[in-house]
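Peer 1: Take a look at entry-v5.cif, mmCIF, C-alpha atoms:
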```cif
data_entry
#
loop_
_atom_site.label_atom_id
_atom_site.label_comp_id
_atom_site.auth_asym_id
_atom_site.auth_seq_id
_atom_site.Cartn_x
_atom_site.Cartn_y
_atom_site.Cartn_z
CA TYR L 24 30.41 0.58 -19.69
CA THR L 25 29.11 -2.85 -20.64
CA ARG L 26 27.93 -4.39 -23.90
CA ASP L 27 25.26 -6.88 -22.79
CA LEU L 28 22.00 -7.92 -24.45
CA LEU L 29 20.11 -5.15 -22.61
CA THR L 30 22.51 -2.55 -24.02
CA ALA L 31 22.11 -3.98 -27.54
CA LEU L 32 18.29 -3.92 -27.33
CA LEU L 33 18.12 -0.36 -25.97
CA ASP L 34 20.74 0.93 -28.45
CA LEU L 35 18.83 -0.60 -31.35
CA ALA L 36 15.57 0.95 -30.13
CA LEU L 37 17.14 4.42 -29.70
CA ILE L 38 18.85 4.34 -33.12
CA SER L 39 15.57 3.23 -34.74
CA ILE L 40 13.73 6.12 -33.04
CA ALA L 41 16.35 8.60 -34.32
CA ILE L 42 16.20 7.26 -37.90
CA LEU L 43 12.38 7.28 -38.01
CA THR L 44 12.25 10.80 -36.55
CA LEU L 45 14.73 12.04 -39.17
CA LEU L 46 12.70 10.40 -41.95
CA PHE L 47 9.46 12.23 -41.18
CA ALA L 48 10.93 15.50 -39.78
CA PRO L 49 11.85 17.29 -43.09
CA ASP L 50 8.21 17.44 -44.30
CA TYR L 51 7.32 19.40 -41.17
CA LEU L 52 10.49 21.49 -40.68
CA ALA L 53 11.15 22.66 -44.28
CA PRO L 54 7.84 24.55 -44.85
CA ARG L 55 8.36 26.34 -41.52
CA LYS L 56 11.99 27.26 -42.40
CA LEU L 57 13.35 25.39 -39.36
CA PRO L 58 16.95 24.20 -40.00
CA LEU L 59 17.24 20.45 -40.58
CA ALA L 60 21.04 20.16 -40.08
CA GLU L 61 20.94 21.61 -36.56
CA PHE L 62 17.91 19.44 -35.75
CA THR L 63 19.79 16.32 -36.90
CA ALA L 64 22.98 17.13 -34.95
CA THR L 65 21.05 17.92 -31.74
CA LEU L 66 19.00 14.74 -32.04
CA ILE L 67 22.14 12.62 -32.52
CA PHE L 68 23.69 14.14 -29.36
CA ALA L 69 20.53 13.29 -27.41
CA VAL L 70 20.40 9.71 -28.69
CA SER L 71 24.11 9.16 -27.90
CA GLY L 72 23.31 10.17 -24.29
CA GLY L 73 20.56 7.55 -24.17
CA MET L 74 22.96 4.93 -25.52
CA LEU L 75 25.51 5.84 -22.83
CA ILE L 76 22.84 5.26 -20.17
CA ALA L 77 21.89 1.92 -21.76
CA GLY L 78 25.30 0.40 -21.01
CA GLY L 79 26.39 2.46 -17.99
CA GLN L 80 27.75 0.44 -15.06
CA ASP L 81 28.82 3.38 -12.90
CA LEU L 82 26.75 6.12 -11.24
CA LEU L 83 28.86 8.90 -12.77
CA ILE L 84 28.66 7.43 -16.29
CA LEU L 85 24.88 7.12 -15.90
CA PHE L 86 24.59 10.75 -14.78
CA ILE L 87 26.78 12.04 -17.63
CA GLY L 88 24.67 10.01 -20.08
CA LEU L 89 21.51 11.49 -18.57
CA GLU L 90 22.77 15.06 -19.00
CA LEU L 91 23.86 14.33 -22.58
CA LEU L 92 20.32 13.04 -23.18
CA VAL L 93 18.31 15.88 -21.59
CA LEU L 94 20.30 19.02 -22.53
CA PRO L 95 19.74 18.57 -26.30
CA GLY L 96 16.12 17.70 -25.40
CA TYR L 97 15.61 21.20 -23.97
CA LEU L 98 17.02 22.70 -27.20
CA LEU L 99 14.73 20.55 -29.33
CA ALA L 100 11.64 21.47 -27.26
CA GLY L 101 12.31 25.17 -28.01
CA PHE L 102 13.37 24.56 -31.61
CA ALA L 103 10.56 26.72 -33.06
CA LYS L 104 11.96 29.71 -31.18
CA ARG L 105 9.54 32.26 -32.66
CA ASP L 106 6.55 30.25 -31.41
CA GLY L 107 5.41 31.33 -27.93
CA LEU L 108 4.04 27.87 -27.07
CA SER L 109 7.34 26.22 -28.01
CA THR L 110 9.35 28.63 -25.83
CA GLU L 111 6.96 28.19 -22.89
CA GLY L 112 7.10 24.38 -23.12
CA ALA L 113 10.92 24.44 -23.39
CA ILE L 114 11.30 26.72 -20.33
CA LYS L 115 9.03 24.47 -18.21
CA TYR L 116 10.84 21.37 -19.44
CA PHE L 117 14.24 22.94 -18.73
CA LEU L 118 13.42 24.19 -15.21
CA LEU L 119 11.74 21.00 -14.00
CA GLY L 120 14.34 18.82 -15.77
CA SER L 121 17.19 20.73 -14.09
CA PHE L 122 15.56 20.38 -10.66
CA SER L 123 15.07 16.65 -11.17
CA SER L 124 18.69 16.17 -12.31
CA ALA L 125 19.91 17.97 -9.16
CA ILE L 126 17.63 15.83 -6.94
CA LEU L 127 18.89 12.67 -8.66
CA LEU L 128 22.49 13.78 -8.12
CA PHE L 129 21.84 14.33 -4.40
CA GLY L 130 20.46 10.77 -4.25
CA LEU L 131 23.56 9.42 -6.03
CA ALA L 132 25.74 11.33 -3.52
CA PHE L 133 23.94 9.71 -0.54
CA VAL L 134 24.30 6.22 -2.03
CA LEU L 135 27.98 6.87 -2.85
CA GLY L 136 28.60 8.27 0.63
CA PHE L 137 27.02 5.26 2.32
CA THR L 138 28.46 2.49 0.14
CA GLY L 139 31.77 4.14 -0.84
CA ASN L 140 31.33 2.85 -4.38
CA THR L 141 30.13 4.19 -7.74
CA GLN L 142 30.12 0.82 -9.54
CA LEU L 143 26.65 -0.74 -9.72
CA ALA L 144 27.88 -4.24 -8.84
CA GLY L 145 29.89 -2.87 -5.88
CA ILE L 146 26.86 -0.94 -4.55
CA SER L 147 24.66 -4.05 -4.83
CA ALA L 148 27.21 -6.20 -2.93
CA GLU L 149 27.60 -3.54 -0.23
CA LEU L 150 23.84 -3.22 0.25
CA GLU L 151 23.37 -6.98 0.51
CA GLY L 152 25.83 -6.99 3.39
CA VAL L 153 24.15 -4.04 5.14
CA LEU L 154 20.58 -5.31 4.72
CA SER L 155 21.27 -8.94 5.63
CA GLY L 156 20.75 -8.19 9.36
CA ASP L 157 17.52 -7.31 11.16
CA GLU L 158 18.42 -3.67 11.69
CA ALA L 159 16.26 -0.84 10.30
CA LEU L 160 17.21 0.82 7.04
CA PRO L 161 19.95 3.41 7.74
CA LEU L 162 18.71 7.02 7.44
CA ALA L 163 21.35 8.06 4.87
CA LEU L 164 20.40 5.14 2.65
CA ALA L 165 16.68 5.88 3.00
CA MET L 166 17.33 9.53 2.02
CA GLY L 167 19.39 8.42 -0.98
CA LEU L 168 16.64 6.03 -2.10
CA ALA L 169 13.95 8.72 -1.74
CA LEU L 170 15.94 11.30 -3.74
CA LEU L 171 16.84 8.78 -6.45
CA ALA L 172 13.19 7.74 -6.74
CA VAL L 173 12.01 11.36 -7.08
CA GLY L 174 14.74 12.08 -9.67
CA VAL L 175 13.89 9.15 -11.95
CA LEU L 176 10.12 9.57 -11.52
CA PHE L 177 10.54 13.14 -12.83
CA LYS L 178 12.41 11.76 -15.84
CA ILE L 179 9.69 9.24 -16.76
CA ALA L 180 6.95 11.86 -16.03
CA ALA L 181 5.16 9.72 -13.44
CA VAL L 182 2.37 11.31 -11.36
CA PRO L 183 2.77 13.69 -9.47
CA PHE L 184 5.87 14.79 -11.46
CA HIS L 185 4.10 14.98 -14.82
CA TYR L 186 3.09 18.65 -15.13
CA ARG L 187 5.66 19.72 -17.73
CA THR L 188 4.74 16.96 -20.20
CA PRO L 189 1.58 18.34 -21.89
CA ASP L 190 3.05 21.85 -22.38
CA ALA L 191 6.38 20.52 -23.69
CA TYR L 192 4.55 18.17 -26.09
CA GLN L 193 2.05 20.74 -27.37
CA GLY L 194 4.60 23.53 -27.90
CA SER L 195 7.36 21.51 -29.54
CA PRO L 196 7.45 20.99 -33.33
CA THR L 197 5.61 17.71 -34.04
CA PRO L 198 8.73 15.63 -34.99
CA VAL L 199 10.35 16.80 -31.71
CA THR L 200 7.20 15.83 -29.80
CA GLY L 201 7.36 12.39 -31.38
CA TYR L 202 10.97 11.95 -30.28
CA LEU L 203 10.37 13.39 -26.77
CA SER L 204 7.44 11.01 -26.22
CA VAL L 205 9.57 7.88 -26.74
CA GLY L 206 13.37 8.53 -26.75
CA PRO L 207 13.85 10.03 -23.27
CA LYS L 208 11.25 7.60 -21.85
CA ILE L 209 13.17 4.52 -23.05
CA ALA L 210 16.45 6.03 -21.77
CA ALA L 211 14.85 6.88 -18.40
CA PHE L 212 13.57 3.30 -18.02
CA ALA L 213 17.10 2.11 -18.90
CA LEU L 214 18.34 4.32 -16.04
CA ILE L 215 15.75 2.75 -13.70
CA LEU L 216 16.76 -0.77 -14.75
CA ARG L 217 20.45 -0.03 -14.17
CA ILE L 218 20.06 1.81 -10.83
CA PHE L 219 17.00 0.25 -9.18
CA ILE L 220 17.37 -3.34 -10.39
CA GLU L 221 21.15 -3.77 -10.69
CA ALA L 222 22.42 -1.45 -7.91
CA LEU L 223 19.44 -1.22 -5.52
CA GLY L 224 18.07 -4.72 -6.19
CA PRO L 225 18.73 -5.81 -2.56
CA MET L 226 16.47 -2.92 -1.42
CA ARG L 227 13.54 -3.80 -3.69
CA GLY L 228 11.29 -4.56 -0.71
CA GLU L 229 11.74 -0.92 0.37
CA TRP L 230 10.67 0.67 -2.94
CA ALA L 231 8.05 -1.83 -4.17
CA LEU L 232 5.06 -0.28 -2.34
CA ILE L 233 5.90 3.30 -3.38
CA VAL L 234 6.32 2.35 -7.05
CA GLY L 235 3.12 0.26 -6.95
CA VAL L 236 1.01 3.15 -5.58
CA LEU L 237 2.55 5.60 -8.07
CA ALA L 238 1.95 3.15 -10.95
CA ALA L 239 -1.77 3.02 -10.07
CA LEU L 240 -1.96 6.83 -9.78
CA THR L 241 0.04 7.44 -12.97
CA MET L 242 -2.05 5.23 -15.25
CA THR L 243 -5.36 6.49 -13.80
CA VAL L 244 -4.54 10.23 -13.77
CA GLY L 245 -2.99 10.03 -17.27
CA ASN L 246 -6.09 8.40 -18.76
CA LEU L 247 -8.58 10.64 -16.93
CA ALA L 248 -6.72 13.78 -18.08
CA ALA L 249 -6.55 12.51 -21.69
CA LEU L 250 -10.34 12.04 -21.85
CA GLY L 251 -11.09 15.76 -22.10
CA GLN L 252 -8.36 16.83 -24.55
CA ASP L 253 -9.22 18.39 -27.92
CA ASN L 254 -5.57 18.73 -29.03
CA ILE L 255 -4.09 15.43 -30.25
CA LYS L 256 -0.57 16.28 -29.04
CA ARG L 257 -1.88 16.99 -25.51
CA MET L 258 -4.01 13.83 -25.67
CA LEU L 259 -0.98 11.71 -26.65
CA ALA L 260 1.04 13.47 -23.91
CA TYR L 261 -1.42 12.42 -21.20
CA SER L 262 -1.73 8.96 -22.72
CA SER L 263 2.08 8.62 -22.58
CA ILE L 264 1.82 9.27 -18.82
CA ALA L 265 -0.70 6.41 -18.62
CA HIS L 266 1.64 4.09 -20.56
CA THR L 267 4.40 4.98 -18.08
CA GLY L 268 2.09 3.68 -15.34
CA TYR L 269 1.61 0.38 -17.19
CA MET L 270 5.40 -0.06 -17.52
CA MET L 271 5.88 0.70 -13.80
CA VAL L 272 3.67 -2.33 -13.02
CA GLY L 273 6.43 -4.51 -14.53
CA LEU L 274 8.94 -2.97 -12.09
CA VAL L 275 6.62 -3.79 -9.17
CA VAL L 276 6.40 -7.39 -10.42
CA PHE L 277 10.22 -7.61 -10.24
CA ALA L 278 10.22 -6.13 -6.72
CA THR L 279 7.46 -8.33 -5.25
CA ALA L 280 7.99 -11.72 -6.97
CA ASP L 281 9.52 -14.49 -4.87
CA ASP L 282 10.30 -16.60 -7.92
CA ALA L 283 13.31 -15.42 -9.98
CA GLU L 284 11.66 -16.39 -13.29
CA VAL L 285 8.52 -14.36 -12.52
CA ALA L 286 10.69 -11.39 -11.46
CA ALA L 287 12.60 -11.66 -14.76
CA SER L 288 9.31 -11.78 -16.71
CA GLY L 289 8.37 -8.43 -15.11
CA VAL L 290 11.56 -6.82 -16.43
CA GLN L 291 11.08 -8.47 -19.84
CA GLY L 292 7.54 -7.05 -19.88
CA VAL L 293 8.88 -3.52 -19.25
CA LEU L 294 11.39 -3.85 -22.11
CA PHE L 295 8.90 -5.32 -24.57
CA TYR L 296 6.32 -2.65 -23.68
CA ALA L 297 8.88 0.16 -24.03
CA VAL L 298 9.96 -0.95 -27.52
CA ALA L 299 6.40 -1.64 -28.75
CA TYR L 300 5.18 1.70 -27.34
CA ALA L 301 8.06 3.54 -29.01
CA PHE L 302 7.04 2.41 -32.49
CA MET L 303 3.28 2.83 -32.11
CA ASN L 304 3.52 6.29 -30.52
CA LEU L 305 6.18 7.53 -32.95
CA GLY L 306 3.97 6.27 -35.79
CA ALA L 307 1.01 8.28 -34.49
CA PHE L 308 3.14 11.45 -34.33
CA ALA L 309 4.48 10.78 -37.84
CA VAL L 310 0.88 10.84 -39.13
CA VAL L 311 0.21 14.11 -37.26
CA ALA L 312 3.39 15.60 -38.81
CA ALA L 313 2.31 14.44 -42.29
CA LEU L 314 -1.07 16.10 -41.76
CA GLN L 315 0.68 19.34 -40.75
CA ARG L 316 2.88 19.46 -43.84
CA ARG L 317 1.10 22.69 -44.83
CA PRO L 318 1.77 25.42 -42.23
CA GLY L 319 -1.40 26.62 -40.54
CA ILE L 320 -2.94 23.18 -39.93
CA THR L 321 -3.36 22.83 -36.17
CA SER L 322 -3.01 19.69 -34.06
CA GLN L 323 -6.66 19.86 -32.95
CA ILE L 324 -8.50 16.53 -33.23
CA ALA L 325 -10.97 18.32 -35.56
CA SER L 326 -8.13 18.44 -38.15
CA PHE L 327 -8.65 14.68 -38.60
CA THR L 328 -12.30 15.11 -39.71
CA GLY L 329 -12.94 13.05 -42.83
CA LEU L 330 -9.30 11.97 -43.18
CA GLY L 331 -10.49 8.48 -44.19
CA TYR L 332 -11.91 10.05 -47.38
CA ARG L 333 -9.22 12.68 -48.00
CA ALA L 334 -6.14 10.53 -47.36
CA PRO L 335 -7.18 6.86 -46.93
CA VAL L 336 -3.64 5.46 -46.46
CA LEU L 337 -2.76 8.03 -43.80
CA ALA L 338 -6.04 7.38 -41.98
CA LEU L 339 -5.51 3.60 -42.10
CA MET L 340 -2.01 3.95 -40.65
CA MET L 341 -3.29 6.23 -37.87
CA THR L 342 -6.04 3.71 -37.08
CA VAL L 343 -3.51 0.86 -36.77
CA PHE L 344 -1.28 2.90 -34.44
CA LEU L 345 -4.21 3.99 -32.26
CA LEU L 346 -5.65 0.45 -32.05
CA SER L 347 -2.20 -0.77 -31.00
CA LEU L 348 -2.04 1.92 -28.30
CA VAL L 349 -5.47 0.74 -27.06
CA GLY L 350 -4.19 -2.85 -26.95
CA ILE L 351 -6.40 -4.56 -29.57
CA PRO L 352 -5.16 -8.02 -30.70
CA PRO L 353 -3.23 -9.03 -32.79
CA LEU L 354 -1.28 -5.72 -32.62
CA ALA L 355 1.91 -5.20 -30.58
CA GLY L 356 0.17 -3.13 -27.89
CA PHE L 357 -2.01 -6.11 -26.93
CA PHE L 358 0.95 -8.45 -26.40
CA ALA L 359 2.85 -5.75 -24.48
CA LYS L 360 -0.04 -5.30 -22.02
CA MET L 361 -0.65 -9.05 -21.83
CA THR L 362 2.99 -9.75 -20.89
CA ILE L 363 2.86 -7.37 -17.91
CA VAL L 364 -0.66 -8.39 -16.79
CA LEU L 365 0.19 -12.12 -16.84
CA ALA L 366 3.41 -11.48 -14.88
CA ALA L 367 1.41 -9.49 -12.28
CA LEU L 368 -1.18 -12.29 -11.98
CA GLU L 369 1.66 -14.81 -11.45
CA VAL L 370 2.73 -12.86 -8.36
CA GLY L 371 -0.85 -12.74 -7.02
CA GLY L 372 -2.01 -10.89 -3.89
CA PRO L 373 -2.10 -7.08 -4.25
CA MET L 374 -0.54 -7.42 -7.72
CA THR L 375 -3.85 -8.94 -8.92
CA LEU L 376 -5.57 -5.63 -8.05
CA LEU L 377 -2.89 -3.73 -10.00
CA ALA L 378 -3.45 -6.03 -13.01
CA VAL L 379 -7.23 -5.45 -12.85
CA LEU L 380 -6.70 -1.67 -12.57
CA MET L 381 -4.41 -1.82 -15.60
CA MET L 382 -7.11 -3.56 -17.68
CA LEU L 383 -9.78 -1.05 -16.55
CA ASN L 384 -7.47 1.81 -17.55
CA ALA L 385 -6.84 0.20 -20.94
CA ALA L 386 -10.64 0.06 -21.48
CA MET L 387 -10.93 3.74 -20.47
CA ALA L 388 -8.18 4.67 -22.93
CA ALA L 389 -10.16 3.11 -25.78
CA PHE L 390 -12.64 6.01 -25.53
CA TYR L 391 -10.23 8.82 -26.40
CA TYR L 392 -8.17 6.85 -28.92
CA LEU L 393 -11.21 5.62 -30.84
CA ARG L 394 -12.68 9.15 -30.83
CA VAL L 395 -9.97 10.08 -33.35
CA VAL L 396 -10.99 7.09 -35.52
CA VAL L 397 -14.62 8.30 -35.36
CA TYR L 398 -13.50 11.75 -36.58
CA MET L 399 -11.57 10.18 -39.47
CA TYR L 400 -14.30 7.84 -40.74
CA MET L 401 -17.67 8.93 -39.34
CA ARG L 402 -17.59 12.70 -39.79
CA LYS L 403 -17.99 14.50 -43.10
CA PRO L 404 -14.75 15.90 -44.57
CA ALA L 405 -14.04 19.50 -43.67
CA GLU L 406 -14.17 22.13 -46.43
#
```
Kindly return the structure encoded in the file as structure tokens.

Peer 2:
Amino acid sequence: YTRDLLTALLDLALISIAILTLLFAPDYLAPRKLPLAEFTATLIFAVSGGMLIAGGQDLLILFIGLELLVLPGYLLAGFAKRDGLSTEGAIKYFLLGSFSSAILLFGLAFVLGFTGNTQLAGISAELEGVLSGDEALPLALAMGLALLAVGVLFKIAAVPFHYRTPDAYQGSPTPVTGYLSVGPKIAAFALILRIFIEALGPMRGEWALIVGVLAALTMTVGNLAALGQDNIKRMLAYSSIAHTGYMMVGLVVFATADDAEVAASGVQGVLFYAVAYAFMNLGAFAVVAALQRRPGITSQIASFTGLGYRAPVLALMMTVFLLSLVGIPPLAGFFAKMTIVLAALEVGGPMTLLAVLMMLNAAMAAFYYLRVVVYMYMRKPAE
């Protein structure tokens, strides 16, 4: 376990997410008679798992941290146990999460078997020696890389491993949905940074193309699916898939850049985007939870009709969070997107196409985010 600047940044982000979630959770949980103490304890377990991943320098430590992160996540997803949607979302999340953990573990086993090392630095040194020649990539190593990639892509809900996300988000209590949309995502990207950049950095030429294609698919499918949603939690679920695609572009920048500074700017872009996204998305869910303080109010977008007149401060906050998610300057979302796009343009070649696709997707996303603003300010208040 290491205490470097990356660990400090990720720990601070995860603790902030936990504190903010606990601040807006009671207003939602208390009227529905859902126990706050158990919610708090389970959330703290989950966040401690994410913090273990943030500083993990060994495959086994990373896997233990991952399990400590996801097992409480399954409990939280099914926290409203008398709600059929909550139970359904939790079961889907649990089954697919368990499969992905097993696949990831198989990948770790292949890498361990080939390199004979569980330490990230040791694996990286071993791979540099193996890949320095002109020989083809050994089959065992290729299998390990494929299984690891599938395992972590499940965890970040990249396309085509995204199917559990909308159901888990819609069924979970709104404070849980807020946490699930940002906490596990930041921890999963920490896992990717530790495994794919620190341990499998010498193999980045092998995984760059796959991650690039999946980044393009993830952002496009996420935005297209979000366009037709009438439930704000499902809309934010699909949009979170799109944001995952944007962050994956930063990983491709690292993998394809010849210049070390440009490669580093790709990783910095991923970190900045992850932290900015965490606050703007959690803020949007906090507003949804505040709106649902009275039991019986659904998470349909129609619930926001006339909110600008009924609760001006709440509507203004929601507008700021949504505009940041779109990427309107001078909000954080704009600078997060700009950092990754500029890094991609620095690399040039196919990365220019990925940068253009990212901007087109951001423009597409404006439609469904701003639709909520239209409901709040341009529709008459509901009875």

Peer 1: Give one line per residue of range 145-248 of chain L that approaches range 382-397 of chain L to at most 12 Å, naming the two atoms of the closest pair and their distance in Å to one decimal, counting all atoms listed in the file; sort by chain then ascending residue number and deliver it as a tab-separated table.

Peer 2:
```
residue	atom	partner	partner_atom	distance
L:Ala238	CA	L:Asn384	CA	11.6
L:Ala239	CA	L:Asn384	CA	9.5
L:Leu240	CA	L:Asn384	CA	10.8
L:Thr241	CA	L:Asn384	CA	10.4
L:Met242	CA	L:Asn384	CA	6.8
L:Thr243	CA	L:Asn384	CA	6.4
L:Val244	CA	L:Asn384	CA	9.7
L:Gly245	CA	L:Ala388	CA	9.4
L:Asn246	CA	L:Ala388	CA	6.0
L:Leu247	CA	L:Met387	CA	8.1
L:Ala248	CA	L:Tyr391	CA	10.3
```

Peer 1: Give me, as JSON lines, the closest atom pair and its distance (Å, one decimal) for every residue of range 59-134 of chain L within a cut-off of 8 Å of range 204-216 of chain L, counting all atoms listed in the file, rows sorted by chain and rising number.

Peer 2:
```
{"residue": "L:Val70", "atom": "CA", "partner": "L:Gly206", "partner_atom": "CA", "distance": 7.4}
{"residue": "L:Gly73", "atom": "CA", "partner": "L:Ala210", "partner_atom": "CA", "distance": 5.0}
{"residue": "L:Met74", "atom": "CA", "partner": "L:Ala210", "partner_atom": "CA", "distance": 7.6}
{"residue": "L:Ile76", "atom": "CA", "partner": "L:Leu214", "partner_atom": "CA", "distance": 6.2}
{"residue": "L:Ala77", "atom": "CA", "partner": "L:Ala213", "partner_atom": "CA", "distance": 5.6}
{"residue": "L:Leu85", "atom": "CA", "partner": "L:Leu214", "partner_atom": "CA", "distance": 7.1}
{"residue": "L:Leu92", "atom": "CA", "partner": "L:Pro207", "partner_atom": "CA", "distance": 7.1}
{"residue": "L:Val93", "atom": "CA", "partner": "L:Pro207", "partner_atom": "CA", "distance": 7.5}
```

Peer 1: Go ahead and fit an axis-aligned box to every listed atom of range 387-405 of chain L plus 4 Å each side, and pass me the centre and edge lengths in Å, one decimal, as JSON.

Peer 2:
```
{"center_x": -13.1, "center_y": 11.3, "center_z": -32.5, "size_x": 17.8, "size_y": 24.4, "size_z": 32.1}
```

Peer 1: Expand the PyMOL selection byres ((chain L and resi 360-374) around 6) into the explicit residue set it covers here, and present it as a list in words.

Peer 2: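 So the PyMOL selection byres ((chain L and resi 360-374) around 6), applied here, picks out Gly273, Val276, Ala280, Gly289, Gly292, Phe357, Phe358, Ala359, Thr375, Leu376, Leu377 and Ala378 of chain L.
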
Peer 1: Please evaluate the PyMOL selection byres ((chain L and resi 324) around 9) against the displayed coordinates and give the resulting residues as a list in words.

Peer 2: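 On this input, the PyMOL selection byres ((chain L and resi 324) around 9) captures Gln252, Asp253, Asn254, Ile255, Lys256, Thr321, Ser322, Gln323, Ala325, Ser326, Phe327, Thr328, Arg394, Val395 and Tyr398 of chain L.
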
Peer 1: Find the residues around Tyr192 in chain L up to 12 Å (all atoms listed in the file counted), leave out those fewer than 4 positions away in its own chain, and share them as a PyMOL selection string.

Peer 2: chain L and resi 96-97+99-101+108-113+115-116+185-188+196-205+254-264+308+322

Peer 1: Any idea what's packed within 12 Å of Ala53 in chain L, counting all atoms listed in the file, ignoring anything in its chain fewer than 3 positions away? Could you give it as a list in words?

Peer 2: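 Close residues of Ala53 in chain L: Phe47, Ala48, Pro49, Asp50, Lys56, Leu57, Pro58, Leu59, Ala60, Phe62, Ala103, Pro196, Pro198, Ala312, Gln315, Arg316, Arg317 and Pro318 of chain L.
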
Peer 1: One decimal, in Å: what's the spacing between CA of Gln291 in chain L and CA of Ser39 in chain L?

Peer 2: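 Answer for the CA of Gln291 in chain L to CA of Ser39 in chain L separation: 19.5 Å.
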
Peer 1: Rounded to one decimal place, report the CA of Gly79 in chain L-CA of Thr25 in chain L distance in Å.

Peer 2: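 Spanning CA of Gly79 in chain L to CA of Thr25 in chain L is a straight-line distance of 6.5 Å.
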
Peer 1: In Å, with one decimal, what is the gap from CA of Leu28 in chain L to CA of Val290 in chain L?

Peer 2: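 Computed distance, CA of Leu28 in chain L to CA of Val290 in chain L, equals 13.2 Å.
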
Peer 1: Going by the chain IDs and residue numbers used in this file, which residues fall under the PyMOL selection byres ((chain L and resi 134) around 12)? Write them as a PyMOL selection string.

Peer 2: chain L and resi 82-83+127-133+135-143+145-147+149-150+161-171+218-219+222-223

Peer 1: Rank L:Asp81, L:Ile67, L:Gln193, L:Ala283 by their smallest atom-to-atom distance to Asp106 in chain L, using all atoms listed in the file, and report the top residue only.

Peer 2: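 The answer is L:Gln193, which sits nearest to Asp106 in chain L.
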
Peer 1: Here's a test: counting only C-alpha atoms, identify every protein, DNA and RNA residue with an atom at most 8 Å from (2.3, 2.6, -25.1) in the file's coordinate frame, and state them as a count of residues only.

Peer 2: 13

Peer 1: Looking at all atoms listed in the file, which of L:Met401, L:Val285, L:Ala355, L:Leu380 is the one that sits closest to Leu330 in chain L?

Peer 2: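 For Leu330 in chain L, the nearest of the given residues is L:Met401.
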
Peer 1: For Arg217 in chain L, which of L:Ala286, L:Ala144, L:Met270, L:Ala191 is the closest residue, counting all atoms listed in the file?

Peer 2: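 Going through L:Ala286, L:Ala144, L:Met270, L:Ala191 one by one, the smallest distance to Arg217 in chain L is for L:Ala144.
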
Peer 1: Smallest atom-to-atom distance to Leu176 in chain L: which of L:Gly78, L:Thr63, L:Met271, L:Ala41, using all atoms listed in the file?

Peer 2: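 Between L:Gly78, L:Thr63, L:Met271, L:Ala41, the residue approaching Leu176 in chain L most closely is L:Met271.
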